[in-house]
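The block underneath contains the structure these notes are about, expressed in C-alpha cells.
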Amino acid sequence: MMIASDLKQAIPSTVCNGVDAFLNGNINSFIATSIAAGLPLTTTIRVDISAYGPPSVTPGSLQIGLNGKCYPVNNPGVSYSFPRTPLPSFTNSNGMLKMMAGEYATNTLLHSMHANGLLALSPRQVLTTLGTPVTTATLSWVIPGFFAYGTKPMLFMLSVLNPPNATITESDVAIAGILELTMLVNNTGTLEEALVMDADSILHGTASASGTTVQAQITSVEYTLSIKRSAVGTVNLPGFKALLDIVVQSQLISTLNNVIFPGFEIPPIYGLRYTNLGISMLQGAMEISGNVEGAFEN
C-alpha cells in the first residue's frame, strides 16, 4: 500500500514536470517555424496564437496561454491602446478542450474588422434591409426638406466611424460605437448628399456556437441620434427615430447578424480541431469548450 501510494503521487508529478519542460522548450519554437504568420479567421484577419506566458500543467489539466491578438493581414504589427485584463477561471463544463476569449481578444477582432471595412453596410445591403426602394417623397412626410427634391430615388450607407468597444458580462455582450447613416439622393443621375446622421449606439447580443463555428447575434440596439450635416434643413429627430426604430427592430438587426456577424470557424490550434462547440458567458470573457479531432501535424 505504501509503494502504491508513493507511485500514485510520483507518477503524476513526474509526468507533469516532463510535460511542463517539453512545452516550455518547444511550443514557441513550434509556433515560430509552423504558424508564425498567425491563424486565419477570414481572408483578411488573422489571430496570433503564440504562447503568452509559461504553460500550467496539473494532474487533471493542461493550460496554455495564447496571445489572442487579432490583426489585419496587411498590418500584422498593429498595436492597440487598450490593455489586457486577467481572465476568469474555467468553469466545470464538459469538454475535452476549453478556450477562454476575453475582452482584449474580442476588441482586437472588432478593430481588425473595422480596419478592413467589415463593419459597414453598402447601399445595396441597406436596400435589401429595407425591402423596398425609398424615395424623397417617402421621407418628406417625416423630413419636410425632402419635398424640394420632388420624387427621386434614394440610397443609404451605414458605417461605424471608429473601432467599437465590447464589454462581456455573464448575461450578454455589449458593443458600443458611433454609427454614421448617410442619405444620398439620386438627382437625375447625380448622387447628392442630403443628410448625415450619427447614432451613438450600444448593440446588445449573445454568443453561440455550433459545430466548429462561433457566432455573435445582436438581440437589441440602443441609440441616440444627432445631425452631422444637413442639406434638407431641420429634422424632427424624435419623429424620425420613431420611424427608424421600426426598421431597426424588424429588419436591421437580422441584416447585421447575417452580413456583419455571420460567425467565425475556430481554426485548428496546434493541430487540434474543436468540434461540438459550446459557450459559457463569464464576467469579462467567453469560455468556448468542445471535443477534439485530429492530431499534431508534422
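Note on naming: chains are A, B, ... as they come in the C-alpha cells, residues start from 1 per chain, ligands start from 1 in the order shown.
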- Message: Taking only stretch 110-289 of chain A into account, list the residues labelled strand (DSSP E or B) by DSSP (computed from the backbone), as a ChimeraX atom specification.
- Response: /A:120-121,135,153-160,165-168,173-187,190-210,213-230,264-265,269,272-282,285-289
- Message: If we count only C-alpha atoms and set the cut-off at 7 Å, which residues sit around A:Val47, ignoring sequence neighbours fewer than 3 positions away in its own chain? Please answer as a list in words.
- Response: Gly38, Leu39, Pro40, Leu41, Gly68, Lys69, Cys70 and Tyr71 of chain A
Those same residues - N, CA and C atoms - I'd like them written as a PDB file, in the first residue's frame.
ATOM      1  N   GLY A  38       0.352  33.453 -37.998  1.00  0.00           N
ATOM      2  CA  GLY A  38      -0.957  33.542 -37.357  1.00  0.00           C
ATOM      3  C   GLY A  38      -1.968  32.651 -38.039  1.00  0.00           C
ATOM      4  N   LEU A  39      -3.039  32.379 -37.313  1.00  0.00           N
ATOM      5  CA  LEU A  39      -4.111  31.555 -37.866  1.00  0.00           C
ATOM      6  C   LEU A  39      -5.153  32.434 -38.535  1.00  0.00           C
ATOM      7  N   PRO A  40      -5.611  32.079 -39.732  1.00  0.00           N
ATOM      8  CA  PRO A  40      -6.605  32.903 -40.419  1.00  0.00           C
ATOM      9  C   PRO A  40      -8.003  32.709 -39.848  1.00  0.00           C
ATOM     10  N   LEU A  41      -8.666  33.817 -39.530  1.00  0.00           N
ATOM     11  CA  LEU A  41     -10.087  33.792 -39.176  1.00  0.00           C
ATOM     12  C   LEU A  41     -10.934  34.081 -40.410  1.00  0.00           C
ATOM     13  N   GLY A  68      -3.720  35.699 -28.511  1.00  0.00           N
ATOM     14  CA  GLY A  68      -5.110  36.063 -28.764  1.00  0.00           C
ATOM     15  C   GLY A  68      -5.318  37.362 -29.506  1.00  0.00           C
ATOM     16  N   LYS A  69      -4.252  38.004 -29.962  1.00  0.00           N
ATOM     17  CA  LYS A  69      -4.384  39.284 -30.663  1.00  0.00           C
ATOM     18  C   LYS A  69      -4.800  39.057 -32.112  1.00  0.00           C
ATOM     19  N   CYS A  70      -5.921  39.640 -32.511  1.00  0.00           N
ATOM     20  CA  CYS A  70      -6.349  39.620 -33.912  1.00  0.00           C
ATOM     21  C   CYS A  70      -5.787  40.844 -34.620  1.00  0.00           C
ATOM     22  N   TYR A  71      -5.496  40.690 -35.909  1.00  0.00           N
ATOM     23  CA  TYR A  71      -4.905  41.798 -36.641  1.00  0.00           C
ATOM     24  C   TYR A  71      -5.213  41.669 -38.126  1.00  0.00           C
TER      25      TYR A  71
END
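Selecting alpha helix (DSSP H) from the backbone DSSP output for stretch 60-186 of chain A yields Glu103, Tyr104, Ala105, Thr106, Asn107, Thr108, Leu109, Leu110, His111, Ser112, Met113, His114, Ala115, Pro123, Arg124, Gln125, Val126, Leu127, Thr128, Thr129, Leu130, Thr136, Ala137, Thr138 and Leu139 of chain A.
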- Task: Write out as a VMD selection string which residues come within 9 Å of A:Leu155 when counting only C-alpha atoms, dropping same-chain ones fewer than 6 positions away.
- Result: chain A and resid 123 to 124 126 to 127 133 to 135 182 to 186 191
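Proximity to A:Leu130 was assessed for A:Thr43, A:Gln249, A:Gln217, A:Thr275 counting only C-alpha atoms; the smallest distance is recorded for A:Gln249.
In this comparison, which uses only C-alpha atoms, the residue of A:Leu118, A:Leu282, A:Ile202, A:Leu139 approaching A:Asn165 most closely is A:Ile202.
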